[in-house]
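Chemist: Input: one structure, supplied below.
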Amino acid sequence: MTLTALAIILFLFLLLLNGMPVAFAMLVSGATGLFLVAGHYPLAGILKAAPYEHVASYTLTTLPMFILMAEFLNSGRFTRDLFAASDKWLGHFRGGVAYSAIAGGVLLAAISGSSSAAAGTLASAAYPEMKRYGYEDRFSTAALAVIGTLAIMVPPSIGLVFYGVITETSVGKLLVAGFVPGAITALGYAVTINLMIRRRPEIAPHSAERATMKERVQTLKTVWPVLTLMVIIVGTIYSGVVTPTEIGAVGAFLAMLLALSMRRMGWRDFLNALKSATGNSAMILAIIACAAIFGVFITMTGLTQELLFMIQEADVNRYVVLAAVLLLLMILGFFLDQLAILVLTLPLIYPLMAGLEFDAVWLGILFVKTAEIGLITPPMGLNVFIVSSTTKVPPSRIFKGVWPFLLTELIILVLLILVPGLSLWLPAVAGF
Amino acid sequence: NETITLKMADQFPLTHVASKLGMQTFKKTIEEKSEGRINIRMFPAEQISKAAGLFDAVRNRVVDIAVVGVVYVTDKVPLTSAAELPGLFTDSVKGSAAFDAYIKTELLEREYLSNNVRPLWGFITPPYQLMLRKGDSLGDIKDIDNLKLRTAGATGEMIAKSLGAVPVKVPAADLYLALQRGTVDGAIYNPPSTFAYKIDEVLASVSTNASLGAVAFATLINEDVWQGLPDDVKTQLMTVADELRTSMSSQFQTFNDQSYPKLEKAGVKPFALSGAVLGQFEERLQTVAREWVSQMEARNLPGQDMLDAFKAHLAKQ
Amino acid sequence: MHRQMNVVLGFFDTVFLRVAQLALFVMMICITVDALGRYAVGIPLSGSFEFTSLYLMVIVAFLSMPATYARGGMVRLDVLTSWLEQLPGKISARLNALLSAAAFGLLTWFSAGEAIEKFIKLDTTFGAIQFPLYWSYVWVPLGCGLLTVRLFLEIFFPTRPQTHAAGDTA
Ligand code: NA
Ligand code: NA
């Protein structure tokens with residue numbers, strides 16, 4: 001079975017290289033694999049049910065809804081105003097707009113629990129602006145895909161809630177624990193962008209001259225509606241008016257109302273926003289539906305179990321075991337979506353790691369961080385695909401821009417491993 | 001004598017009490033008793049299929065055995081859901097025995113064999129309780145009016161409604177935040193699961209003596225797989241299943257009872273509803289069973305007869 | 001012939017896509033009314049949870065699939081594209097179409113069987129609102145079926161893999 005699993009994974013890579021759409025390649029290879037390892041009945045049963053039931057999910061509505069919110073914000077030219085304002089304030093620095101995108105990403109992460117939703121939102125909101133200001137597409141799209149991953153670490157986070165529920169670790173504690181690693185990650189991105197710009201200044205132009213204070217204050221007039229909207233959205237979620245799953249829809253609704261009431265969105269713009277949101281959602285939902293089949297195939301081969309068993313039997317230092325497990329998660333991230341990885345591996349990994357007396361909250365942060373890295377690693381980085389589908393920049397180009405960020409992510413991961421206090425200090429202070 | 005490998009799936013993480021007492025114990029016991037002849041391959045935590053799809057997974061022979069939550073398949077086994085109606089029992093050991101008999105006699109052909117699956121054992125959780133995020137008891141029936149309560153499943157929704165509360169559907173992933181931030185005022189849930197979802201951290205109080213429905217699980221084996229098994233293996237499976245149902249339900253009941261001191265330690269106050277309030281609850285909850293019967297009969301299903309049959313099984317315990 | 005088929009397919013693609021777009025809009029309204037109704041007046045929109053997940057999500061995902069593919073909206077790796085295009089007989093594109101058509105054909109076949117069975121049994125949930133589940137399953141074979149027809153045609157009339165630059169998901 002291990003051999004079949006490896007052969008099918010190779011088959012998947014060949015299909016991807018042959019230019020088959022990612023979703024289709026997962027369906028073709030997953031179905032072939034299922035037939036080989038489990039036979040006719042499981043294949044038929046999984047085809048009947050898996051794509052349907054993975055999509056028929058209330059939690060997943062957050063994804064198309066956030067994308068729709070971004071489209072309405074675009075149609076109402078609110079994102080343009082925001083970036084114009086940030087250009088006036090920060091434009092004389094090189095990469096000013098990229099730093100603003102990080103700030104926007106942190107804000108978005110604070111309301112969204114899903115990386116894919118955040119990446120889709122950021123890409124459709126910020127990319128057209130970055131393009132307008134002359135940013136190199138390889139750099140700007142990579143940055144957006146990477147900044148989107150902040151949503152899974154900064155609370156609220158679907159990944160951390162998931163981890164907490166599966167492993168029976170305090171969700172409250174996990175969510176608080178995500179703050180500092182999230183902040184360090186955001187800082188890491190800023191530093192990376194800074195270094196990249198220093199090395200190749202042409203990727204991020206800056207405005208000719210410093211705007212006057214008067215010009216800067218004037219921008220506030222144009223951005224107050226969208227800033228108010230953002231405050232309301234953050235307010236509704238933190239006061240419990242709506243749940244993290246619902247905030248995308250409510251946000252989209254408010255953005256639509258704002259654009260309509262300010263007469264910034266006509267009937268045609270409205271339809272166009274709906275069109276792009278549907279098209280971008282379709283691509284991601286197709287991947288999720290088809291990846292479900294591939295996920296069941298991997299489960300049925302028992303490949304992850306076997307690898308973990310090998311790690312367990314090796315009888316080595318516990319940090320070596322941890323490194324091996326994180327490496328395994330990262331490799332799985334090459335071809336599976338991060339929640340699928342957590343579902344697949346946690347029931348096996350967690351007892352193993354808990355047995356080695358690692359702290360559960362700290363492990364949660366490390367696992368989620370690793371899954372997050374998987375979102376931007378080639379050849380299967382969901383965030384990269386999402387940004388690609390929204391911006392029409394080919395994935396291979398985005399992947400090329402991702403490498404420096406990937407290096408930063410690995411450094412941060414090592415830092416989180418070496419200094420558990422980064423994850424555990426805040427929950428302790430908060431009284432958990 | 002070849003080894004027989006059976007694939008078994010459920011929705012629970014391995015750390016969940018229902019997995020420990022259910023699938024894991026079943027695997028261990030059957031592998032021991034059969035001296036290695038029967039081998040169970042476990043697929044926990046919705047790895048193979050979402051909870052709502054486990055019935056189809058065993059029907060379509062994706063797996064050989066699955067633990068199916070009745071709440072997810074009221075379309076496929078509508079009459080089975082009689083067992084989830086409120087106010088029918090308080091002791092889940094007796095409730096489970098009655099449910100097991102009910103699905104293996106009256107419903108065996110009608111809802112299971114006709115779907116090409118066969119029940120191995122049935123299990124019902126202890127009755128659901130009222131959980132509040134604020135306040136340490138419910139002193140008056142009026143206090144429940146317009147309280148937003150998170151419910152799971154259709155029966156739960158009707159229970160909350162009939163009590164005068166507002167049923168709210170919140171996905172499991174959002175439950176913690178919804179309680180913490182006050183999106184909902186409480187939940188109708190079973191005490192052991194509070195720990196699994198960590199909501200003991202964000203609750204203020206839990207009732208001890210309400211009977212707000214329960215959740216039933218049927219462990220099913222694919223009928224073709226079953227028919228292909230040697231007779232002695234069938235006997236062995238059924239024997240272990242019967243033992244398991246008894247041990248599982250009594251241990252789950254114990255676990256349920258023990259969760260109150262554990263909840264109290266976590267700062268969640270257990271409270272008993274007064275006799276007067278319980279009486280008012282009972283009165284209001286009668287509409288749920290009536291509605292259930294009328295919906296079944298609208299589909300030409302013998303709702304009243306089957307509810308009576310289930311009650312008769314309960315009376316025998 | 002191929003041209004006319006394309007027009008017919010394109011028509012259905014567009015109809016399906018419009019339904020998906022409408023579903024997306026209704027989804028936004030449903031969830032918003034549910035959430036704000038619950039907060040403001042303590043009356044959530046009953047059945048919104050099931051209606052959104054069982055119907056609207058399935059419609060958005062599966063009915064938008066054929067048009068999104070046809071218009072180049074399905075993301076793919078393009079590292080070798082220019083090299084593969086030089087292979088004789090458009091073999092790379094034909095192979096992709098063949099394998100995808102086979103897989104989506106199977107998916108259509110099995111999910112159609114499932115949907116038909118649910119229609120025959122009239123599977124309906126119990127509860128405050130009784131949901132006809134057969135109307136939830138039917139979108140999978142519809143969307144995948146239309147996609148299969150297009151993929152099947154592409155075995156014989158391979159199209160140049162749509163690049164993103166040429167793609168317009170509208
Ligand atoms: Na977040
Ligand atoms: Na990856």
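Residue numbering restarts at 1 in every chain; chains get A, B, ... in the order shown in the structure tokens, and ligands count up from 1 in that same order.
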Around ligand 1, which protein and nucleic acid residues have at least one atom no more than 10 Å from it, if we count only C-alpha atoms and all ligand atoms? List them as a ChimeraX atom specification.
Modeler: /A:105-115,118,148-160,175,178-179,182,244
Chemist: Which residues of chain A sit at most 7 Å from ligand 2, using only C-alpha atoms and all ligand atoms? Give each one's shortest atom pair and distance in Å (one decimal place), in chain and ascending residue order, as a tab-separated table.
Modeler:
residue	atom	partner	partner_atom_place_in_ligand_line	distance
A:Gly333	CA	ligand 2	1 (Na)	4.1
A:Phe334	CA	ligand 2	1 (Na)	3.7
A:Phe335	CA	ligand 2	1 (Na)	5.8
A:Leu336	CA	ligand 2	1 (Na)	6.9
A:Gly374	CA	ligand 2	1 (Na)	3.8
A:Leu375	CA	ligand 2	1 (Na)	4.7
A:Ile376	CA	ligand 2	1 (Na)	5.4
A:Thr377	CA	ligand 2	1 (Na)	4.0
A:Pro378	CA	ligand 2	1 (Na)	5.4
A:Pro379	CA	ligand 2	1 (Na)	6.3
A:Met380	CA	ligand 2	1 (Na)	4.4
A:Gly381	CA	ligand 2	1 (Na)	3.8
A:Leu382	CA	ligand 2	1 (Na)	6.7
Chemist: How about saving the chosen residues, N, CA and C atoms kept, as a PDB file, in the first residue's frame?
Modeler:
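As written to disk, selection.pdb reads:
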ATOM      1  N   GLY A 333       1.783  19.082   3.414  1.00  0.00           N
ATOM      2  CA  GLY A 333       1.348  20.388   2.926  1.00  0.00           C
ATOM      3  C   GLY A 333       1.650  20.603   1.455  1.00  0.00           C
ATOM      4  N   PHE A 334       2.534  19.766   0.906  1.00  0.00           N
ATOM      5  CA  PHE A 334       2.817  19.870  -0.531  1.00  0.00           C
ATOM      6  C   PHE A 334       1.571  19.540  -1.339  1.00  0.00           C
ATOM      7  N   PHE A 335       0.732  18.637  -0.804  1.00  0.00           N
ATOM      8  CA  PHE A 335      -0.404  18.254  -1.638  1.00  0.00           C
ATOM      9  C   PHE A 335      -1.746  18.179  -0.919  1.00  0.00           C
ATOM     10  N   LEU A 336      -1.820  18.621   0.326  1.00  0.00           N
ATOM     11  CA  LEU A 336      -3.126  18.621   0.986  1.00  0.00           C
ATOM     12  C   LEU A 336      -3.403  19.986   1.601  1.00  0.00           C
ATOM     13  N   GLY A 374       2.585  25.266   4.792  1.00  0.00           N
ATOM     14  CA  GLY A 374       2.166  24.407   3.689  1.00  0.00           C
ATOM     15  C   GLY A 374       1.271  25.124   2.686  1.00  0.00           C
ATOM     16  N   LEU A 375       0.629  26.201   3.117  1.00  0.00           N
ATOM     17  CA  LEU A 375      -0.283  26.927   2.226  1.00  0.00           C
ATOM     18  C   LEU A 375       0.446  27.689   1.127  1.00  0.00           C
ATOM     19  N   ILE A 376       1.760  27.887   1.323  1.00  0.00           N
ATOM     20  CA  ILE A 376       2.489  28.668   0.324  1.00  0.00           C
ATOM     21  C   ILE A 376       3.641  27.901  -0.305  1.00  0.00           C
ATOM     22  N   THR A 377       3.782  26.588   0.056  1.00  0.00           N
ATOM     23  CA  THR A 377       4.873  25.816  -0.540  1.00  0.00           C
ATOM     24  C   THR A 377       4.426  25.174  -1.845  1.00  0.00           C
ATOM     25  N   PRO A 378       5.268  25.218  -2.866  1.00  0.00           N
ATOM     26  CA  PRO A 378       4.955  24.538  -4.106  1.00  0.00           C
ATOM     27  C   PRO A 378       5.046  23.023  -3.931  1.00  0.00           C
ATOM     28  N   PRO A 379       4.405  22.214  -4.775  1.00  0.00           N
ATOM     29  CA  PRO A 379       3.566  22.657  -5.894  1.00  0.00           C
ATOM     30  C   PRO A 379       2.104  22.878  -5.522  1.00  0.00           C
ATOM     31  N   MET A 380       1.691  22.552  -4.277  1.00  0.00           N
ATOM     32  CA  MET A 380       0.275  22.664  -3.941  1.00  0.00           C
ATOM     33  C   MET A 380       0.071  23.664  -2.822  1.00  0.00           C
ATOM     34  N   GLY A 381       0.142  24.931  -3.092  1.00  0.00           N
ATOM     35  CA  GLY A 381      -0.091  25.911  -2.038  1.00  0.00           C
ATOM     36  C   GLY A 381      -1.430  26.574  -2.264  1.00  0.00           C
ATOM     37  N   LEU A 382      -2.391  26.219  -1.430  1.00  0.00           N
ATOM     38  CA  LEU A 382      -3.758  26.691  -1.664  1.00  0.00           C
ATOM     39  C   LEU A 382      -3.817  28.224  -1.762  1.00  0.00           C
TER      40      LEU A 382
END
Chemist: Output the contact residues of chain A with respect to chain C at a cut-off of 7 Å, based on only C-alpha atoms, as an MDAnalysis selection string.
Modeler: chainID A and resid 16:22 24 27:28 44 47:48 52 55:58 61 65 241:242 246 249:250 253 274:276 278:279 282:283 285:286 385 389 392:396
Chemist: Take the residues from that selection and write them out as a CSV table (one decimal), in the first residue's frame, keeping N, CA and C atoms.
Modeler:
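Result saved to out35.csv:
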chain,number,residue,atom,x,y,z
A,16,LEU,N,-0.1,17.3,-12.6
A,16,LEU,CA,0.1,18.8,-12.3
A,16,LEU,C,1.1,19.4,-13.3
A,17,LEU,N,2.2,18.7,-13.5
A,17,LEU,CA,3.2,19.2,-14.5
A,17,LEU,C,2.7,19.2,-15.9
A,18,ASN,N,1.7,18.3,-16.2
A,18,ASN,CA,1.2,18.3,-17.5
A,18,ASN,C,0.1,19.4,-17.7
A,19,GLY,N,-0.1,20.2,-16.7
A,19,GLY,CA,-0.9,21.3,-16.8
A,19,GLY,C,-2.4,21.0,-16.6
A,20,MET,N,-2.7,19.9,-16.0
A,20,MET,CA,-4.1,19.6,-15.7
A,20,MET,C,-4.5,20.6,-14.5
A,21,PRO,N,-5.8,21.1,-14.5
A,21,PRO,CA,-6.2,22.0,-13.4
A,21,PRO,C,-6.0,21.2,-12.1
A,22,VAL,N,-5.5,22.0,-11.1
A,22,VAL,CA,-5.2,21.3,-9.8
A,22,VAL,C,-6.3,20.5,-9.2
A,24,PHE,N,-8.8,19.0,-10.8
A,24,PHE,CA,-9.0,17.8,-11.6
A,24,PHE,C,-7.9,16.8,-11.3
A,27,LEU,N,-8.7,14.9,-8.3
A,27,LEU,CA,-9.8,14.0,-8.5
A,27,LEU,C,-9.3,12.7,-9.2
A,28,VAL,N,-8.6,12.9,-10.3
A,28,VAL,CA,-8.1,11.8,-11.2
A,28,VAL,C,-7.2,10.9,-10.4
A,44,ALA,N,-16.9,4.1,-5.5
A,44,ALA,CA,-18.2,4.5,-5.8
A,44,ALA,C,-18.8,5.3,-4.7
A,47,LEU,N,-17.1,8.7,-4.3
A,47,LEU,CA,-17.4,9.7,-5.3
A,47,LEU,C,-18.8,10.2,-5.1
A,48,LYS,N,-19.7,9.3,-4.7
A,48,LYS,CA,-21.1,9.8,-4.4
A,48,LYS,C,-21.1,10.9,-3.4
A,52,TYR,N,-19.6,16.3,-2.4
A,52,TYR,CA,-20.8,16.9,-1.9
A,52,TYR,C,-20.7,17.3,-0.5
A,55,VAL,N,-18.4,20.2,0.6
A,55,VAL,CA,-18.8,21.6,0.2
A,55,VAL,C,-20.1,22.0,0.9
A,56,ALA,N,-21.0,21.1,1.2
A,56,ALA,CA,-22.2,21.4,1.9
A,56,ALA,C,-22.0,21.7,3.3
A,57,SER,N,-21.2,22.7,3.6
A,57,SER,CA,-20.8,23.0,4.9
A,57,SER,C,-21.0,24.5,5.3
A,58,TYR,N,-21.6,24.7,6.4
A,58,TYR,CA,-21.9,26.1,6.9
A,58,TYR,C,-20.6,26.8,7.1
A,61,THR,N,-19.0,28.6,4.3
A,61,THR,CA,-19.6,29.8,3.7
A,61,THR,C,-18.7,31.0,3.8
A,65,MET,N,-18.1,34.3,1.1
A,65,MET,CA,-18.6,35.5,1.6
A,65,MET,C,-17.5,36.6,1.8
A,241,VAL,N,-21.8,39.9,18.5
A,241,VAL,CA,-23.1,40.1,17.7
A,241,VAL,C,-23.2,39.0,16.6
A,242,VAL,N,-22.1,38.7,16.0
A,242,VAL,CA,-22.1,37.6,15.0
A,242,VAL,C,-20.9,36.7,15.2
A,246,GLU,N,-20.1,33.9,10.4
A,246,GLU,CA,-21.1,34.8,9.7
A,246,GLU,C,-20.5,36.1,9.3
A,249,ALA,N,-20.4,37.3,5.6
A,249,ALA,CA,-21.6,37.6,4.9
A,249,ALA,C,-22.1,39.0,5.4
A,250,VAL,N,-22.0,39.2,6.7
A,250,VAL,CA,-22.5,40.5,7.3
A,250,VAL,C,-21.6,41.6,6.7
A,253,PHE,N,-22.5,42.3,3.2
A,253,PHE,CA,-23.7,43.1,3.2
A,253,PHE,C,-23.5,44.6,3.5
A,274,LEU,N,-20.4,40.4,-8.2
A,274,LEU,CA,-21.0,39.1,-8.0
A,274,LEU,C,-20.4,38.0,-8.9
A,275,LYS,N,-20.1,38.4,-10.1
A,275,LYS,CA,-19.5,37.5,-11.1
A,275,LYS,C,-18.1,37.1,-10.6
A,276,SER,N,-17.2,38.1,-10.3
A,276,SER,CA,-15.9,37.7,-9.9
A,276,SER,C,-15.9,36.9,-8.6
A,278,THR,N,-18.1,34.8,-7.6
A,278,THR,CA,-18.6,33.5,-7.9
A,278,THR,C,-17.4,32.7,-8.6
A,279,GLY,N,-16.8,33.3,-9.5
A,279,GLY,CA,-15.7,32.7,-10.3
A,279,GLY,C,-14.6,32.3,-9.4
A,282,ALA,N,-15.6,29.5,-7.0
A,282,ALA,CA,-15.7,28.2,-7.8
A,282,ALA,C,-14.4,27.5,-7.8
A,283,MET,N,-13.4,28.2,-8.1
A,283,MET,CA,-12.1,27.6,-8.2
A,283,MET,C,-11.6,26.9,-6.9
A,285,LEU,N,-13.6,26.2,-4.3
A,285,LEU,CA,-14.5,25.1,-3.8
A,285,LEU,C,-14.2,23.8,-4.7
A,286,ALA,N,-13.9,24.0,-5.9
A,286,ALA,CA,-13.6,22.8,-6.7
A,286,ALA,C,-12.3,22.1,-6.2
A,385,PHE,N,-2.7,29.4,-5.1
A,385,PHE,CA,-3.7,29.2,-6.1
A,385,PHE,C,-4.8,30.3,-6.0
A,389,SER,N,-5.8,32.8,-8.9
A,389,SER,CA,-7.0,32.8,-9.6
A,389,SER,C,-7.7,34.2,-9.6
A,392,LYS,N,-4.9,36.6,-11.7
A,392,LYS,CA,-4.6,36.1,-13.1
A,392,LYS,C,-3.1,36.0,-13.3
A,393,VAL,N,-2.3,36.1,-12.2
A,393,VAL,CA,-0.8,35.9,-12.3
A,393,VAL,C,-0.6,34.4,-12.2
A,394,PRO,N,0.1,33.8,-13.1
A,394,PRO,CA,0.3,32.3,-13.0
A,394,PRO,C,1.0,31.8,-11.7
A,395,PRO,N,0.5,30.7,-11.2
A,395,PRO,CA,1.0,30.2,-9.9
A,395,PRO,C,2.5,30.1,-9.9
A,396,SER,N,3.1,29.6,-11.0
A,396,SER,CA,4.6,29.4,-11.0
A,396,SER,C,5.3,30.7,-10.8
Chemist: Name the closest residue to Gly33 in chain A among the candidates A:Trp362, A:Phe139, A:Phe11, A:Trp267; distances are taken between atoms, counting only C-alpha atoms.
Modeler: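 Distance minimum relative to Gly33 in chain A lands on A:Phe11.
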Chemist: Would you mind telling me which residue in A:Leu410, A:Ala211, A:Leu10, A:Ile341 lies nearest to chain B when using only C-alpha atoms?
Modeler: A:Ile341
Chemist: Skip Glu35 in chain B itself and residues of its chain fewer than 5 positions away, then list as a CSV table (one decimal) with N, CA and C atoms, in the first residue's frame all residues within 10 Å of it, counting only C-alpha atoms.
Modeler:
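Everything below was put into out26.csv:
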chain,number,residue,atom,x,y,z
B,3,THR,N,-7.6,-14.3,8.7
B,3,THR,CA,-7.9,-13.1,9.4
B,3,THR,C,-8.9,-12.3,8.6
B,29,THR,N,-11.8,-5.5,22.3
B,29,THR,CA,-12.5,-6.6,22.8
B,29,THR,C,-12.6,-7.7,21.7
B,30,ILE,N,-13.0,-7.3,20.5
B,30,ILE,CA,-13.3,-8.3,19.5
B,30,ILE,C,-11.9,-8.9,19.0
Chemist: Given a cut-off of 7 Å, which residues of chain B touch chain C, counting only C-alpha atoms, written out as a ChimeraX atom specification?
Modeler: /B:74-76,146,154-155,158,169
Chemist: Next, dump the selected residues to file, keeping only N, CA and C atoms, as a PDB file, in the first residue's frame.
Modeler:
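Final file, part_17.pdb:
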ATOM      1  N   THR B  74     -32.104  11.777   9.845  1.00  0.00           N
ATOM      2  CA  THR B  74     -33.546  11.669  10.062  1.00  0.00           C
ATOM      3  C   THR B  74     -34.301  11.474   8.749  1.00  0.00           C
ATOM      4  N   ASP B  75     -33.636  11.766   7.626  1.00  0.00           N
ATOM      5  CA  ASP B  75     -34.285  11.505   6.345  1.00  0.00           C
ATOM      6  C   ASP B  75     -34.269  10.015   6.013  1.00  0.00           C
ATOM      7  N   LYS B  76     -33.222   9.317   6.441  1.00  0.00           N
ATOM      8  CA  LYS B  76     -33.083   7.916   6.054  1.00  0.00           C
ATOM      9  C   LYS B  76     -33.671   6.957   7.080  1.00  0.00           C
ATOM     10  N   ASN B 146     -37.247  33.512  25.326  1.00  0.00           N
ATOM     11  CA  ASN B 146     -36.359  34.283  24.444  1.00  0.00           C
ATOM     12  C   ASN B 146     -34.868  34.136  24.741  1.00  0.00           C
ATOM     13  N   ALA B 154     -32.393  18.601  14.597  1.00  0.00           N
ATOM     14  CA  ALA B 154     -33.760  19.063  14.427  1.00  0.00           C
ATOM     15  C   ALA B 154     -34.573  18.934  15.704  1.00  0.00           C
ATOM     16  N   THR B 155     -34.404  17.820  16.423  1.00  0.00           N
ATOM     17  CA  THR B 155     -35.173  17.633  17.647  1.00  0.00           C
ATOM     18  C   THR B 155     -34.803  18.705  18.663  1.00  0.00           C
ATOM     19  N   MET B 158     -36.558  21.879  17.970  1.00  0.00           N
ATOM     20  CA  MET B 158     -37.972  21.887  18.349  1.00  0.00           C
ATOM     21  C   MET B 158     -38.132  21.921  19.862  1.00  0.00           C
ATOM     22  N   LYS B 169     -28.544  27.811  15.608  1.00  0.00           N
ATOM     23  CA  LYS B 169     -27.612  26.820  15.062  1.00  0.00           C
ATOM     24  C   LYS B 169     -26.231  27.460  14.999  1.00  0.00           C
TER      25      LYS B 169
END
Chemist: If we count only C-alpha atoms, what is near range 109-114 of chain B at a cut-off of 9 Å, once residues fewer than 6 positions away on the same chain are taken out, given as a list in words?
Modeler: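 Residues near the query, excluding close chain neighbours: Lys76, Val77, Pro78, Leu79, Thr80, Ile103, Leu220 and Glu223 of chain B.
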Chemist: If you count only C-alpha atoms, which residues fall within 12 Å of Tyr189 in chain B, apart from same-chain ones fewer than 5 positions away, as a VMD selection string?
Modeler: chain B and resid 125 to 132 149 to 153 156 to 157 159 to 160 172 175 194 to 197 199 to 200 203 206 to 208 210 to 215 256
Chemist: Report as a tab-separated table the residues of chain B within 7 Å of chain A, each with its shortest atom pair and distance in Å (one decimal), using only C-alpha atoms, ordered by chain and increasing residue number.
Modeler:
residue	atom	partner	partner_atom	distance
B:Pro13	CA	A:Ile166	CA	5.7
B:Leu14	CA	A:Pro347	CA	6.0
B:Thr15	CA	A:Thr167	CA	6.6
B:Gln47	CA	A:Leu344	CA	6.3
B:Ile48	CA	A:Val296	CA	5.6
B:Ser49	CA	A:Ala50	CA	6.8
B:Lys50	CA	A:Glu53	CA	6.9
B:Gly53	CA	A:Ala49	CA	6.9
B:Ala57	CA	A:Gly45	CA	6.3
B:Asn60	CA	A:Gly45	CA	5.2
B:Arg61	CA	A:Tyr41	CA	5.7
B:Val62	CA	A:Pro42	CA	3.8
B:Pro171	CA	A:Thr59	CA	6.7
B:Ala173	CA	A:Val161	CA	6.2
B:Asp174	CA	A:Thr243	CA	6.6
B:Ala178	CA	A:Thr243	CA	6.2
B:Arg181	CA	A:Gly240	CA	4.5
B:Gly182	CA	A:Gly240	CA	5.4
B:Thr183	CA	A:Gly240	CA	4.7
B:Ala196	CA	A:Glu168	CA	5.5
B:Tyr197	CA	A:Val165	CA	5.4
B:Lys198	CA	A:Ser170	CA	5.8
Chemist: Generate a file of the selected residues that holds N, CA and C atoms, formatted as a short mmCIF file (atom, residue, chain, number, x, y, z; two decimals), in the first residue's frame.
Modeler:
data_model
loop_
_atom_site.label_atom_id
_atom_site.label_comp_id
_atom_site.auth_asym_id
_atom_site.auth_seq_id
_atom_site.Cartn_x
_atom_site.Cartn_y
_atom_site.Cartn_z
N PRO B 13 -12.98 12.11 17.63
CA PRO B 13 -11.53 12.03 17.78
C PRO B 13 -11.20 10.92 18.79
N LEU B 14 -10.01 10.35 18.71
CA LEU B 14 -9.63 9.26 19.60
C LEU B 14 -9.67 9.67 21.06
N THR B 15 -9.54 10.99 21.33
CA THR B 15 -9.53 11.46 22.70
C THR B 15 -10.94 11.59 23.28
N GLN B 47 -12.47 10.97 9.35
CA GLN B 47 -11.41 10.84 8.34
C GLN B 47 -11.94 10.34 7.01
N ILE B 48 -12.92 9.44 7.07
CA ILE B 48 -13.44 8.84 5.85
C ILE B 48 -14.62 9.62 5.32
N SER B 49 -15.42 10.11 6.24
CA SER B 49 -16.66 10.78 5.84
C SER B 49 -17.09 11.70 6.95
N LYS B 50 -17.77 12.78 6.60
CA LYS B 50 -18.34 13.67 7.60
C LYS B 50 -19.40 12.89 8.38
N GLY B 53 -22.38 11.79 6.67
CA GLY B 53 -22.24 10.85 5.57
C GLY B 53 -21.90 9.44 6.00
N ALA B 57 -21.76 5.89 4.05
CA ALA B 57 -20.47 5.21 3.93
C ALA B 57 -20.60 3.72 4.21
N ASN B 60 -22.97 2.14 1.41
CA ASN B 60 -22.27 1.98 0.12
C ASN B 60 -21.00 1.15 0.25
N ARG B 61 -20.75 0.64 1.43
CA ARG B 61 -19.61 -0.25 1.66
C ARG B 61 -18.27 0.43 1.47
N VAL B 62 -18.22 1.72 1.75
CA VAL B 62 -16.94 2.41 1.79
C VAL B 62 -16.17 1.87 3.00
N PRO B 171 -22.18 26.28 14.26
CA PRO B 171 -21.30 25.15 13.97
C PRO B 171 -20.36 24.87 15.15
N ALA B 173 -17.32 24.45 15.48
CA ALA B 173 -16.08 25.23 15.52
C ALA B 173 -16.30 26.62 16.12
N ASP B 174 -17.53 27.13 16.06
CA ASP B 174 -17.82 28.48 16.57
C ASP B 174 -18.42 28.46 17.97
N ALA B 178 -18.98 31.62 20.45
CA ALA B 178 -20.37 32.09 20.55
C ALA B 178 -20.78 32.19 22.02
N ARG B 181 -18.52 35.08 23.84
CA ARG B 181 -18.82 36.47 23.52
C ARG B 181 -20.31 36.78 23.60
N GLY B 182 -21.10 35.79 23.97
CA GLY B 182 -22.51 36.06 24.19
C GLY B 182 -23.37 36.09 22.95
N THR B 183 -22.89 35.49 21.85
CA THR B 183 -23.75 35.37 20.67
C THR B 183 -24.98 34.53 21.05
N ALA B 196 -15.15 18.00 25.83
CA ALA B 196 -14.61 17.74 24.49
C ALA B 196 -14.54 19.05 23.69
N TYR B 197 -15.54 19.91 23.86
CA TYR B 197 -15.52 21.16 23.11
C TYR B 197 -14.96 22.32 23.93
N LYS B 198 -14.49 21.98 25.14
CA LYS B 198 -13.85 22.95 26.03
C LYS B 198 -14.77 24.09 26.45
#
Chemist: Can you tell me, as a ChimeraX atom specification, what residues are no more than 10 Å from Gln11 in chain B when counting only C-alpha atoms, ignoring any on the same chain fewer than 6 positions away?
Modeler: /B:18-19,43-54,66-69
Chemist: Which residues, written as a PyMOL selection string, have at least one atom at most 10 Å from Leu36 in chain A, with only C-alpha atoms counted and residues fewer than 4 positions away on the same chain left out?
Modeler: chain A and resi 1+4-5+8+30-32+40+43+297+301
Chemist: Which of range 128-260 of chain B end up as helix (DSSP H, G or I) when DSSP is run on this backbone - answer as number ranges by chain?
Modeler: B: 141-144, 153-163, 172-180, 191-196, 199-201, 223-227, 231-260
Chemist: Ranking A:Ala84, A:Ile247, A:Met196, A:Thr2 by minimum distance to Trp403 in chain A and counting only C-alpha atoms, which one comes first?
Modeler: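 Distance minimum relative to Trp403 in chain A lands on A:Met196.
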